[in-house]
Every structure is written in structure tokens, then in C-alpha cells.
Amino acid sequence: MLFHNLSKEDTVKTLSTNVETGLTAEQVSRLQEQYGENKLREKAKKTMLQRFLDQFKDVMILILLAAAAVSLVIAIVEANPKELFEPFLILLIVVLNAVMGVLQESKAEKALDALKSMSAPHARVVRNGHLQVIEAAELVPGDIIHLEAGDFVPADARLLHSVSLKSEESALTGESVPSEKDAELIEDEKSPLGDRTNMVFSGCSITYGTAVAVVTGTGMETEMGKIANLLDDEGDTQTPLQKKLADLGKYLGIMALAACAIIFVVGLVNKLDPMHLFMTSVSLAVSAIPEGLPAIVTIVLSIGVQRMVKRNALIRRLPAVETLGSASIICSDKTGTLTQNRMTLVKAWCDGDTAPVALTGDEDNKTKKLLMFGALCCDGAVEFENGEEKHIGDPTETAIVLAAHKNGMPKDKINTACPRIGELPFDSDRKLMSTINVINGKKVVIVKGAFDMMATRCIAGDIETAREMTETMSADALRVLAVAYKVIDEVPAELTSENLECGLTFMGLVGMIDPPRPEAKVAVATCRKAGIKPVMITGDHVVTASAIAKELGIYVDGDKAITGAQLDAMTDDELDAEVQNISVYARVSPENKIRIVKAWQRKGQVVSMTGDGVNDAPALKAADIGCAMGITGTDVAKGAADMTLTDDNFATIVEAVREGRGIYANIRKVVGFLLGTNIGEVITVFAAMLLWHQTPLLSMQLLWINLVTDSLPAIALGMEAVEADIMEKDPKPKNEGIFAHGLGIQVVLQGFMFAALILIGFKMGEAISIEAGQTMAFTVLALTQVVQAFNMRSGHSLFTVGIFTNKTLNLAALSSVLLVLLVLFTPLNSIFGLVYLPWYMYLIALVLIIVPFIVMEVSKMLGLVKKDH
């Protein structure tokens with residue numbers, strides 16, 4: 001159906017809907033059954049079987065399975081039942097490993113899916129006569145939707161009513177300039193997409209104006225859906241850190257393979273059983289290569305993201321978690337983020353008065369007229385439910401509306417008495433909003449906005465005194481808005497700033513205050529301690545901004561506060577020289593924000609930037625961490641950001657940085673734990689083969705240790721609580737490697753320590769028999785890994801952080817220990833090539849097992865182990 005070629009009335013009729021009341025619940029249910037969800041078809045997910053088979057794609061696993069198969073054939077040919085156990089056991093362990101891998105992947109994917117659903121787009125729709133907010137996926141053809149600047153268009157729709165509407169459609173048409181829209185036009189049947197001015201399309205965004213539209217197409221039936229099959233929307237979901245770790249795994253793999261090859265050759269030269277030798281070498285390679293590291297890191301990141309959601313920070317992209325740990329500059333909006341976003345009108349000044357007056361709720365007629373004109377030029381509203389105020393819309397507007405209400409002028413009452421017949425929406429370039437209202441039979445243009453933008457447009461009124469009053473009120477940290485008006489004979493055919501916002505009569509000023517959030521002051525102090533510089537960026541007057549910044553501790557002695565105009569006058573070189581001294585930017589434009597971000601980035605800093613408007617999107621993308629406002633933010637801003645603050649609170653950004661640092665520290669702990677223990681395994685077998693031409697560990701034993709003591713403690717280690725002093729250190733430099741601060745050396749030294757302990761255990765047990773030696777080596781290796789998981793929890797002493805305070809690790813360690821004991825002290829031991837030992841051997845093993853704990857505690861006490869950076 002070519003809806004662009006139909007009139008509004010015909011479109012509504014064709015779709016069997018109602019402009020005023022929308023669809024009924026019954027219609028919605030039937031249409032959802034008919035059309036399905038309003039979503040593009042996603043790439044088919046892998047089945048559990050496909051995922052399971054993917055676990056066997058690793059070359060070393062395939063070699064191991066091939067070796068097990070050969071071993072099985074030999075055992076059958078030689079009719080040796082005892083030799084059948086080993087290949088069957090290897091197969092069982094490999095299958096268990098694959099199951100573990102599938103479970104890990106599923107857990108990571110579920111966490112990421114939960115993330116997607118939390119950041120799913122919403123739509124404002126009229127159903128059953130009520131305007132409600134629903135998930136965009138629930139829309140059906142015939143739904144009546146409301147759109148405004150900053151919204152993503154949730155489905156293809158025919159416009160029914162539009163005011164100065166512009167839509168950014170470059171994703172569909174390639175046109176970089178936003179398209180002007182008009183609900184009244186009927187386009188030619190053959191009009192190309194870019195010329196269908198009475199339609200808006202799914203996936204595009206509204207950059208200006210407001211509209212009401214009826215949904216004409218959803219899901220794959222939208223214009224975006226028609227080309228969806230040509231698009232590959234699936235980006236690379238691996239974070240930079242995961243890629244580095246995957247590369248590291250390859251290098252370690254090559255080293256492990258080289259060591260295993262040498263072990264195999266030395267064994268052959270010394271006439272050891274080639275089959276067992278080969279199996280041990282391959283098993284060592286499988287155990288030593290940390291192929292599961294990227295998957296474990298995904299889980300750790302995902303768990304961290306879920307933890308952040310509980311603290312009101314919604315992460316949209318996993319790499320942002322890594323970047324958060326390095327944040328060194330936080331550029332924050334003032335209103336609602338650093339302040340309470342509860343604007344209250346406290347003062348007013350009318351043209352001709354000598355000083356501003358404090359508002360009491362019983363003002364004189366002159367002030368009442370100022371409040372009435374101001375309220376008429378507002379889209380915000382205040383509703384009263386059970387004695388509670390509910391503010392809807394922009395807080396500066398609701399403050400004016402509430403002040404008018406207190407003076408006996410409720411919004412709905414004055415709107416009825418003085419109906420609006422035209423409007424020019426607010427935008428951040430003009431910093432003005434205008435409406436045309438019929439007041440006492442006259443057409444009156446009311447303009448409200450920033451005084452400095454208004455002053456040049458007025459031809460009547462005492463502008464100089466108004467300027468002084470603006471400064472006086474701003475010095476008291478008040479936000480000041482100016483109101484002006486003019487009477488016109490006719491409404492212009494086209495409403496523009498040039499023909500409406502000129503020749504005005506200045507009416508007066510209103511001053512409001514938004515008190516700082518108490519928690520913001522604490523968060524700013526935390527930033528200072530953590531080596532992070534907080535910067536305030538606001539559209540407010542510089543005096544107001546400086547007063548609030550000073551109270552919060554952002555603006556301190558020696559700092560500078562500048563305006564957007566002063567910033568515009570500076571060259572990039574001048575800005576680079578001054579940027580470190582500037583703590584407050586007032587009266588800024590979205591373009592200014594990008595310059596501030598770039599200036600800090602040129603200094604090598606990692607910048608977080610907040611934003612909520614359509615025009616903030618470029619700055620949010622330019623920043624290392626873009627933070628959109630969840631309450632006041634537009635869909636476009638949220639789409640461009642890495643993180644959404646669901647409570648619009650500055651303290652949440654600081655809390656997210658703290659969590660980011662904690663997650664990165666935990667990943668370092670996991671990497672250190674896995675690599676340290678894996679290096680220990682390789683050195684053990686390598687050294688024993690070179691020194692004594694013996695294998696201290698059999699293939700089954702290595703694989704069992706890899707299964708039970710690697711992944712469970714590693715994931716639990718990744719869930720370690722954020723350390724108390726993590727915000728008392730400077731941020732991590734942008735390009736710092738994961739092995740910085742001595743972690744690389746620590747891992748290698750720990751590997752040698754484990755090898756030494758295992759070899760001591762092996763030699764002591766070997767005095768009884770080779771099997772006893774292998775049992776000792778198995779016991780020491782398996783249980784020192786569990787002990788090491790606890791050692792890696794913190795750079796502080798475990799007695800300081802509490803040995804058993806990580807309950808998840810306690811459970812993981814207990815599971816690992818029980819699974820090790822299962823093969824040591826039950827008949828299963830014979831299958832694994834293990835034997836029962838004399839009691840004193842277990843005591844020796846216990847001493848060897850607790851050595852890493854003692855060594856690490858002493859090292860921490862002497863400052864040899866660096867605390868997590």
C-alpha cells in the first residue's frame with residue numbers, strides 16, 4: 001500500500017484506526033498475531049548442538065581425540081581391557097569440558113541479551129484513548145504515535161499532524177541534510193523515498209519539531225526491513241582486551257606446543273611408551289593453552305555490567321567497561337546531574353521595577369501577567385495526584401507552570417482561555433522558544449529563553465536594567481529566563497525565528513534555583529581522590545554555574561570559568577594551553593562540547609561526557625565514554641552513548657568508574673591466576689622430562705585438573721567485590737598493558753614456584769613408586785591452584801580483606817576440592833593412575849600446598865606484590 005499517495009483521512013480509514021483514541025486492546029492483540037513483533041529479523045542463533053560441536057574446533061582438542069581413538073584401537077587390537085579406560089576417560093573429560101564451555105557461552109549470551117532488552121527503544125502511543133509509553137517492538141500498523149525532536153522513529157508512519165518537523169534519514173536515503181516533513185501534502189505514487197515528505201521511516205530520527213503519525217509498517221515490512229537482508233548488522237562483539245587475550249593465548253599456545261614437542265622427542269629418545277608420551281604431550285598442550293580465557297573475560301564483563309545496572313548505570317557496549325577504568329576527566333552537565341532537577345521559581349522582575357521580588361504565591365497583577373505569559377510559552381505540565389506534584393517535561397518549564405498554578409492560574413485553565421495557534425520549538429542554538437496564543441482576541445507571540453539571546457531582539461523595554469537584574473539574580477546562583485512578546489495581525493505562512501522572534505517588547509525575568517545533589521559533593525571529592533578531574537559544562541549563566549561548581553568543589557582556587565563565546569574565540573592551541581585550568585564552561589553549544597573533548601584527548605586523557613539532546617550525539621560519540629541521561633535524554637543521545645544513567649545522577653558516573661576499575665582489576669586477577677598455574681604445569685612436565693626422563697602427570701590427570709580447578713575458581717575470582725581503596729589511586733593510563741605493574745613477572749615467578757613444589761612432591765612420592773610420585777604431583781598441582789585462587793583475590797593480605805568473604809569463590813573452591821578428593825580417595829583413583837599414599841605423604845602434600853599462601857602473604861607484606869592499579 002502506497003500510504004504517501006493517500007490523504008490523512010484515507011490512511012486512517014484504510015488502517016481502521018481512530019486519531020483521537022487509537023487502537024483498542026482487542027485490535028492490538030489481533031494485529032500483533034497477524035504482523036508479529038516490530039523487529040528486524042535477527043541472524044539465527046546457534047543451537048546448543050552447534051555450540052557443543054564448536055567446542056571441538058580447536059586443533060589441539062582434535063589431536064587429543066585422534067590420539068584417544070588410536071589408543072582405543074590399539075587397546076582393542078591387543079585385547080587389553082585395562083588400556084580401554086584411558087581413551088574413554090579422555091573422551092569423557094573432553095566432553096565435560098565442552099559442556100562447561102557451552103554453559104559459559106550461554107551465560108555470557110544471556111547477560112548480553114538482557115543488556116539488549118534493557119536498552120530496547122520505546123514509543124509513545126495512543127491506545128484506548130490514553131497516551132502511554134510502550135516498547136517499540138509492540139507497535140502494530142494503525143497505532144497512533146507521538147514524535148518530538150530527539151526521538152527515534154519506531155516504525156514507518158504516515159504523518160497526521162506536524163509542526164516544523166525535520167527527520168534525519170541518511171541511513172535510508174544517504175541524504176546528509178535532515179528532510180523537512182509536512183503532514184498536509186500528498187505525494188506522487190512514484191515518489192522516491194527521499195521525497196516522501198508526509199512519511200517518517202523506522203530507524204531514522206526526528207531532529208526538529210513535533211508530530212502525530214499513524215503506523216503503516218512494522219518489522220520486516222518497513223523500508224528499513226526491506227533492505228535488512230542486505231545489511232550485516234552484527235558488529236565485532238569482542239572488546240579490545242578480549243582480542244589482546246586471544247592473541248596472547250595464541251602466543252602461549254605456540255610456546256606450549258614447542259615445549260610439548262621437546263617433551264615428546266626427549267621421551268622417545270629415552271625409550272618411553274610413545275603412545276602414553278604422545279597423549280601426555282597433547283593433554284599438556286590442551287591444559288596449558290588458556291583457550292577459555294576470552295569466554296571467561298566475557299562472563300566477568302557481563303557480570304560487572306549486571307552489577308552496574310543495579311547502580312543505575314546501563315552499559316550499552318562491553319568495551320566501555322574497560323574504558324571506564326581509565327577515565328581521567330568527567331565532563332558533566334549541571335542541571336539534574338549535579339543538581340536535584342527540582343527547579344523552583346523564587347524571584348521575578350518586571351520591566352520598570354527597581355529590584356527583583358521574592359515569589360510568595362500571592363503576587364501583584366504585573367507579576368501574575370509575567371507568570372501567565374511564561375506558562376503559556378511552556379510545554380511542561382504539573383499534575384497533582386493524591387496531593388503529590390508530578391512534573392512532566394522540562395524542569396525549568398514546570399517551575400514556571402507551578403508558580404503560575406500557585407497564583408491561581410492552572411495550566412489547563414489558561415491554555416483553554418488563551419489557546420495556542422502556532423509554535424516554534426526550543427533549540428539549543430537559538431536558546432529560545434516561541435508560541436502564538438490568542439489572548440483577549442489578539443494574536444500574541446510569546447518568546448521565552450536566555451536573556452542574552454533575547455536582548456538583541458527587543459525594541460521596547462529597559463534592556464540595560466534587565467541586564468543588571470539578570471546579573472544580580474545570577475550572582476545568587478539563580479537560573480534566569482527572560483519573557484518578551486509582540487502582537488501580530490496575521491500568523492505567517494511559515495513560522496521562522498526571523499519573522500516571529502523580532503521586534504519584541506521586553507516583559508520581565510524569572511529566576512529559579514536547582515539545589516545541588518548532596519551525593520554529588522561526595523562524588524566530586526571521590527573524583528579528586530581518584531585522580532579524576534571533574535568539569536562542569538552547562539547552558540547556564542557563567543556566574544550561576546561558578547557558584548554551584550564552587551559549592552560542589554568542582555571550581556577551586558586557581559581554576560577558570562569561561563563562556564561558550566570565549567571558547568569560540570580561542571584557537572585549538574590556546575585551548576590546549578588552558579584546558580587543564582578550566583573547570584566550568586557556561587553557555588556552551590553542542591559544538592563546544594566536541595572541542596572540549598578533543599582538547600582533553602590531545603592531552604592523552606580519557607574523557608567521559610554527559611549529554612541529553614539531539615545535538616549532543618556527536619560529542620557523546622567523540623568522548624571515550626559517552627553518558628546519556630536516562631530520564632531527560634532523547635533516544636538519539638541514548639543511541640550515541642556508551643552508557644545511560646537511569647537516574648541522571650553525577651554520583652552514578654563516579655560509581656560506574658569505580659565498578660569499571662573493579663572489573664578491570666578482577667580481569668587482571670583472573671589472567672594472573674590462569675596463566676600462573678598453566679605456566680607451572682608446562683614447566684613441571686618439561687623439567688621432569690629433561691631432568692629425569694619421566695612424566696610426573698598423566699594425560700587424564702592433567703585434563704581433570706584443567707576441568708575442575710581452572711574455570712570455576714576463575715569465574716568466581718572475576719566476581720570479587722571492588723576493593724575499598726580502588727578510588728584512591730590514579731586512573732590507569734590509556735595504553736597500559738594488562739601485565740603492567742609487575743603482573744607479568746609475578747605470573748612467571750609463580751609458575752616456577754608451582755613447578756618447584758610439584759616436582760618436590762613428585763620426587764618424594766617417587767621414592768615409594770612412580771604412581772605414588774604422580775599421585776603427589778597431582779595432589780599438589782590441583783590443590784595449590786585452589787589456594788592460588790584465594791591468593792589472587794587482592795594485593796592486600798587475605799587477613800585484611802577476609803579469607804572467606806568471597807562466597808562465590810568459597811563454593812567454587814569447595815566444588816574443586818571435592819572433585820579432586822573424589823579421584824584421590826575413591827576407587828576412581830585406579831582409573832586415573834593414582835594410588836593411596838601413606839598418611840605422612842598427605843601431610844607433606846599439605847605443607848607443599850600451603851607454601852604459595854605463605855609466600856604470597858610475605859610478598860604482600862614486603863610490598864613485592866603490587867596492589868591492583
# chains A, B, ... in the order shown; residues from 1 in each chain; ligands from 1
call {"tool": "residues_around", "arguments": {"residues": "region 618-625 of chain A", "least_positions_apart": "4", "cutoff": "9 Å", "atoms": "only C-alpha atoms", "output": "ChimeraX atom specification"}}
result
/A:320,323-324,327,590-595,597-598,601,606-611,614,637,640-643
call {"tool": "select_by_dssp", "arguments": {"residues": "region 389-496 of chain A", "states": "helix (DSSP H, G or I)", "output": "PyMOL selection string"}}
result
chain A and resi 395-406+411-417+451-457+463-475
call {"tool": "residues_around", "arguments": {"residues": "Pro87 (chain A)", "least_positions_apart": "2", "cutoff": "6 Å", "atoms": "only C-alpha atoms", "output": "MDAnalysis selection string"}}
result
chainID A and resid 68 72 85 89:90
call {"tool": "write_last_selection", "arguments": {"atoms": "N, CA, C and O atoms", "output": "PDB file, in the first residue's frame"}}
result
ATOM      1  N   ALA A  68      43.290 -40.351  21.361  1.00  0.00           N
ATOM      2  CA  ALA A  68      42.454 -41.246  22.178  1.00  0.00           C
ATOM      3  C   ALA A  68      41.873 -42.366  21.318  1.00  0.00           C
ATOM      4  O   ALA A  68      41.800 -43.531  21.741  1.00  0.00           O
ATOM      5  N   LEU A  72      42.502 -46.278  21.723  1.00  0.00           N
ATOM      6  CA  LEU A  72      41.364 -47.193  21.868  1.00  0.00           C
ATOM      7  C   LEU A  72      41.508 -48.372  20.898  1.00  0.00           C
ATOM      8  O   LEU A  72      41.315 -49.539  21.272  1.00  0.00           O
ATOM      9  N   PHE A  85      40.356 -47.948  29.551  1.00  0.00           N
ATOM     10  CA  PHE A  85      39.895 -46.884  30.439  1.00  0.00           C
ATOM     11  C   PHE A  85      40.374 -45.493  30.009  1.00  0.00           C
ATOM     12  O   PHE A  85      39.622 -44.532  29.994  1.00  0.00           O
ATOM     13  N   LEU A  89      38.129 -42.300  29.290  1.00  0.00           N
ATOM     14  CA  LEU A  89      38.164 -41.227  30.280  1.00  0.00           C
ATOM     15  C   LEU A  89      38.518 -39.893  29.628  1.00  0.00           C
ATOM     16  O   LEU A  89      37.921 -38.858  29.937  1.00  0.00           O
ATOM     17  N   ILE A  90      39.487 -39.931  28.713  1.00  0.00           N
ATOM     18  CA  ILE A  90      39.870 -38.702  27.997  1.00  0.00           C
ATOM     19  C   ILE A  90      38.661 -38.159  27.238  1.00  0.00           C
ATOM     20  O   ILE A  90      38.373 -36.962  27.274  1.00  0.00           O
TER      21      ILE A  90
END
call {"tool": "residues_around", "arguments": {"residues": "Thr24 (chain A)", "least_positions_apart": "5", "cutoff": "9 Å", "atoms": "only C-alpha atoms", "output": "list in words"}}
result
Thr17, Ser29, Arg127, Asn128 and Gly129 of chain A
call {"tool": "atom_distance", "arguments": {"atom1": "CA of Pro852 (chain A)", "atom2": "CA of Val820 (chain A)"}}
result
18.6 Å
call {"tool": "closest_residue", "arguments": {"among": "A:Glu33, A:Glu189, A:Asp476, A:Glu498", "to": "Arg430 (chain A)", "atoms": "only C-alpha atoms"}}
result
A:Glu498
